[in-house]
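Q: Take a look at this one; I'll ask things after.
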Amino acid sequence: MMNNLPPLPDRRLFTIFTVVALIGFCLIISSFIGAGDSGLFCTESISDEFYSTTTTPLQLDAILHYATALVVPQQSLAEITISFDVLLSISPCNFLVFGLGHDSLMWASFNPHGKTLFLEEDAKWVLSVLKTAPDLNVFTVDYQTKLSDADDLLNSYHSEPECSPSRAFIQGNTRCKLAITGLPDEVYDTEWDIIMIDAPRGYYNEAPGRMGAIYFAAVMARNRKKPGITHVFLHDVDRKVEKEYAEEFLCRKNLKKGVGRLWHFEIPPAENVTGGGARFC
C-alpha cells in the first residue's frame, strides 16, 4: 500500500488533519461526558454507538500519530468518509484490510473494541510500520499470482468447478488458482463484516495484483453464516483489473456507492440470493 498513490496536495493534507483532530476531540470529550450526555458535542458526525464511554489507548495513539506525522492516509477524504460512515453504524465489528499503510492506525482506531486485521505482502514494510504502531494486528501474505496473470486466472475460474460460486471455498482450495491459501486459520475462520481491498500492489505486471483479494472477498461474503451483509470496499477501481474483477465477482447489483476511486459493495450471503447459477454475478 505504501507506494500505490502519490502524496496528497497540501490542501488535502490540511483537510484530513482537521478531520482527524475533530474526531479526536469528539472521542476525548465523550470520555468525560459519557454516552448519556453525548448530545452536547459532535452529534452531527459521531454516533454514540461508535465508542464506549472511554477513549481507547489505540485511538489516543492515532490522534497523536496523525497530529505529528509528515505523511497521511492514501485515500481521499471523500473516500475515507464512506468507510467511516459504515464503521460508525456497525462497530465494533470484524474488519479485514488488505494492505498496511499510512492509514492503518486510523482504520484500527475507527473500530474500537472490534477485531481489525491487516494483510500485507512486504515483510520489511510491516516491520517499519510496527515500529510506530506496535499494537496493529498484521499477517504477512505470500501471494502466488502476478498482475500479468489476470486474464488467465479469469479464464481458469470459468473452467474449474472448485472456483464456481456453488462450490467455492478459500482455505486449502489448491485447485482454484484464485484462492489465497496459506493464511492463518484466524483469517478463514472469522466472518468479516467489512473487507477493505487496498492491496496488494497492482500497478505493474510483476506485482501480485488484487485478483485473489477480490475473489476472497466475494467467497467469504457469500459463505457468511451470521446475520447481515458483508461490506466490501475496493480502492483503485480506475484500473482495468480492479474494475473487471469487481464486475465479475462483487457484482454491479451489489454496488452501493462510489466516490473517487473507491467502490462500496454490500454483499448478501448466498442463501439470500435468488437465482444462482455458474457465475457470481
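We name chains A, B, ... following the order of the C-alpha cells; residues begin at 1 in each chain, and ligands are numbered from 1 as shown.
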Out of stretch 37-263 of chain A, which residues get alpha helix (DSSP H) from DSSP, as a ChimeraX atom specification?

A: /A:57-68,77-90,104-109,123-132,150-159,185-189,211-222,240-245

Q: Select from stretch 181-261 of chain A everything DSSP, run on the backbone, classes as strand (DSSP E), then give the selection as an MDAnalysis selection string.

A: chainID A and resid 194:197 230:235 255:259

Q: With C-alpha atoms retained, export the selected residues as a short mmCIF file (atom, residue, chain, number, x, y, z; two decimals), in the first residue's frame.

A:
data_model
loop_
_atom_site.label_atom_id
_atom_site.label_comp_id
_atom_site.auth_asym_id
_atom_site.auth_seq_id
_atom_site.Cartn_x
_atom_site.Cartn_y
_atom_site.Cartn_z
CA ILE A 194 -16.06 -5.35 6.44
CA ILE A 195 -13.36 -6.23 3.93
CA MET A 196 -11.27 -3.40 2.51
CA ILE A 197 -9.10 -4.11 -0.54
CA THR A 230 -20.67 -8.05 4.18
CA HIS A 231 -19.39 -4.59 3.27
CA VAL A 232 -16.60 -4.71 0.69
CA PHE A 233 -14.58 -1.61 -0.17
CA LEU A 234 -12.40 -1.75 -3.28
CA HIS A 235 -9.88 1.01 -3.99
CA LEU A 255 -22.63 -1.69 -5.66
CA LYS A 256 -23.94 0.65 -3.00
CA LYS A 257 -21.88 3.77 -3.61
CA GLY A 258 -18.79 5.00 -5.39
CA VAL A 259 -16.64 8.06 -4.73
#

Q: Taking into account only C-alpha atoms, which residue in the set A:Ala270, A:Ala123, A:Leu136, A:Val86 is nearest to A:Asp61?

A: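 Residue with the minimum atom-to-atom distance to A:Asp61: A:Leu136.
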
Q: Compile the contact shell of A:Asn223 as a PyMOL selection string: residues with an atom at most 9 Å away, counting only C-alpha atoms, same-chain residues fewer than 2 positions apart removed.

A: chain A and resi 168-169+191+218-221+225+269-271

Q: Identify, on the basis of only C-alpha atoms, every residue whose closest approach to stretch 89-106 of chain A does not exceed 6 Å; exclude the query and any residue fewer than 4 positions from it along the same chain; express the result as a list of chain:residue names.

A: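 Residues meeting the cut-off are A:Met1, A:Met2, A:Phe50, A:Ala62, A:Val72, A:Pro73, A:Asn111, A:His113, A:Gly114, A:Lys115, A:Thr116, A:Leu117, A:Phe118, A:Leu119, A:Glu120, A:Trp192, A:Asp193, A:Ile194, A:Ile195, A:Met196, A:Ile197, A:Asp198, A:Ala199.
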
Q: Next, write the just-selected residues to a file, as a compact mmCIF listing (two decimals), in the first residue's frame, keeping C-alpha atoms as the atom set.

A:
# COMPACT_ATOMS: atom_id res chain seq x y z
CA MET A 1 0.00 0.00 0.00
CA MET A 2 2.80 2.42 0.72
CA PHE A 50 -19.31 4.03 17.79
CA ALA A 62 -3.89 7.55 16.39
CA VAL A 72 -1.21 10.98 5.75
CA PRO A 73 -3.67 8.28 4.58
CA ASN A 111 -13.10 0.12 15.12
CA HIS A 113 -13.22 -2.95 20.74
CA GLY A 114 -13.60 -4.76 17.41
CA LYS A 115 -11.19 -7.04 15.52
CA THR A 116 -9.14 -5.26 12.85
CA LEU A 117 -6.62 -7.34 10.92
CA PHE A 118 -4.24 -6.25 8.16
CA LEU A 119 -2.80 -8.48 5.42
CA GLU A 120 0.45 -7.17 3.90
CA TRP A 192 -15.69 -10.50 8.34
CA ASP A 193 -18.24 -7.71 8.49
CA ILE A 194 -16.06 -5.35 6.44
CA ILE A 195 -13.36 -6.23 3.93
CA MET A 196 -11.27 -3.40 2.51
CA ILE A 197 -9.10 -4.11 -0.54
CA ASP A 198 -6.35 -1.53 -1.00
CA ALA A 199 -3.57 -4.04 -1.68

Q: Could you give me, as JSON lines, a per-residue list for stretch 90-203 of chain A showing, wherever an atom lies at most 12 Å from an atom of stretch 249-254 of chain A, the closest pair of atoms and their distance in Å to one decimal, using only C-alpha atoms and sorting by chain then residue number from low to high?

A:
{"residue": "A:Leu154", "atom": "CA", "partner": "A:Phe249", "partner_atom": "CA", "distance": 10.3}
{"residue": "A:Tyr157", "atom": "CA", "partner": "A:Phe249", "partner_atom": "CA", "distance": 10.8}
{"residue": "A:His158", "atom": "CA", "partner": "A:Phe249", "partner_atom": "CA", "distance": 11.8}
{"residue": "A:Cys163", "atom": "CA", "partner": "A:Phe249", "partner_atom": "CA", "distance": 11.1}
{"residue": "A:Ser164", "atom": "CA", "partner": "A:Phe249", "partner_atom": "CA", "distance": 10.6}
{"residue": "A:Pro165", "atom": "CA", "partner": "A:Phe249", "partner_atom": "CA", "distance": 9.2}
{"residue": "A:Ala168", "atom": "CA", "partner": "A:Phe249", "partner_atom": "CA", "distance": 11.8}
{"residue": "A:Leu178", "atom": "CA", "partner": "A:Phe249", "partner_atom": "CA", "distance": 11.5}
{"residue": "A:Ile195", "atom": "CA", "partner": "A:Leu250", "partner_atom": "CA", "distance": 11.8}
{"residue": "A:Ile197", "atom": "CA", "partner": "A:Leu250", "partner_atom": "CA", "distance": 11.9}

Q: Please produce an output containing N, CA and C atoms for each residue in the selection, written as a PDB file, in the first residue's frame.

A:
ATOM      1  N   LEU A 154      -8.786 -15.452 -14.805  1.00  0.00           N
ATOM      2  CA  LEU A 154     -10.217 -15.311 -15.036  1.00  0.00           C
ATOM      3  C   LEU A 154     -10.731 -16.449 -15.908  1.00  0.00           C
ATOM      4  N   TYR A 157     -10.888 -19.703 -13.878  1.00  0.00           N
ATOM      5  CA  TYR A 157     -12.016 -19.708 -12.948  1.00  0.00           C
ATOM      6  C   TYR A 157     -13.271 -20.263 -13.616  1.00  0.00           C
ATOM      7  N   HIS A 158     -13.464 -19.928 -14.890  1.00  0.00           N
ATOM      8  CA  HIS A 158     -14.652 -20.392 -15.599  1.00  0.00           C
ATOM      9  C   HIS A 158     -14.628 -21.893 -15.839  1.00  0.00           C
ATOM     10  N   CYS A 163     -13.796 -23.375  -8.273  1.00  0.00           N
ATOM     11  CA  CYS A 163     -13.857 -21.913  -8.230  1.00  0.00           C
ATOM     12  C   CYS A 163     -15.293 -21.405  -8.333  1.00  0.00           C
ATOM     13  N   SER A 164     -16.210 -22.258  -8.749  1.00  0.00           N
ATOM     14  CA  SER A 164     -17.579 -21.833  -9.039  1.00  0.00           C
ATOM     15  C   SER A 164     -18.283 -21.361  -7.771  1.00  0.00           C
ATOM     16  N   PRO A 165     -19.246 -20.460  -7.902  1.00  0.00           N
ATOM     17  CA  PRO A 165     -19.910 -19.910  -6.715  1.00  0.00           C
ATOM     18  C   PRO A 165     -20.632 -20.959  -5.877  1.00  0.00           C
ATOM     19  N   ALA A 168     -17.440 -22.793  -4.142  1.00  0.00           N
ATOM     20  CA  ALA A 168     -16.241 -22.009  -3.826  1.00  0.00           C
ATOM     21  C   ALA A 168     -15.911 -22.025  -2.335  1.00  0.00           C
ATOM     22  N   LEU A 178      -7.309 -18.828  -7.963  1.00  0.00           N
ATOM     23  CA  LEU A 178      -7.636 -17.526  -7.390  1.00  0.00           C
ATOM     24  C   LEU A 178      -7.685 -17.558  -5.858  1.00  0.00           C
ATOM     25  N   ILE A 195     -14.618  -5.873   4.582  1.00  0.00           N
ATOM     26  CA  ILE A 195     -13.357  -6.233   3.928  1.00  0.00           C
ATOM     27  C   ILE A 195     -12.950  -5.066   3.050  1.00  0.00           C
ATOM     28  N   ILE A 197     -10.151  -3.655   0.376  1.00  0.00           N
ATOM     29  CA  ILE A 197      -9.104  -4.112  -0.542  1.00  0.00           C
ATOM     30  C   ILE A 197      -8.372  -2.889  -1.088  1.00  0.00           C
TER      31      ILE A 197
END

Q: Identify, on the basis of only C-alpha atoms, every residue whose closest approach to A:Gln144 does not exceed 9 Å; exclude the query and any residue fewer than 6 positions from it along the same chain; express the result as a PDB file with N, CA and C atoms, in the first residue's frame.

A:
ATOM      1  N   LYS A 177      -6.984 -21.437  -8.663  1.00  0.00           N
ATOM      2  CA  LYS A 177      -5.791 -20.596  -8.646  1.00  0.00           C
ATOM      3  C   LYS A 177      -6.048 -19.213  -8.051  1.00  0.00           C
ATOM      4  N   ILE A 180      -6.605 -17.673  -2.155  1.00  0.00           N
ATOM      5  CA  ILE A 180      -5.405 -17.336  -1.382  1.00  0.00           C
ATOM      6  C   ILE A 180      -5.276 -18.339  -0.241  1.00  0.00           C
ATOM      7  N   PRO A 208       1.750  -8.554  -7.446  1.00  0.00           N
ATOM      8  CA  PRO A 208       0.784  -9.637  -7.198  1.00  0.00           C
ATOM      9  C   PRO A 208      -0.601  -9.382  -7.791  1.00  0.00           C
TER      10      PRO A 208
END

Q: Using only C-alpha atoms, which residues sit within 7 Å of A:Glu121 once same-chain residues fewer than 3 positions away are excluded, as a VMD selection string?

A: chain A and resid 140 to 142 200

Q: From the set A:Trp107, A:Ile63, A:Leu127, A:Pro161, which residue has the shortest atom-to-atom contact distance to A:Ile80, counting only C-alpha atoms?

A: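 Ranking A:Trp107, A:Ile63, A:Leu127, A:Pro161 by distance to A:Ile80, first place goes to A:Trp107.
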
Q: Looking at only C-alpha atoms, which of A:Ala67, A:Val241, A:Ala217, A:Leu130 is the one that sits closest to A:Ile170?

A: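 Comparing A:Ala67, A:Val241, A:Ala217, A:Leu130 against A:Ile170, the winner is A:Ala217.
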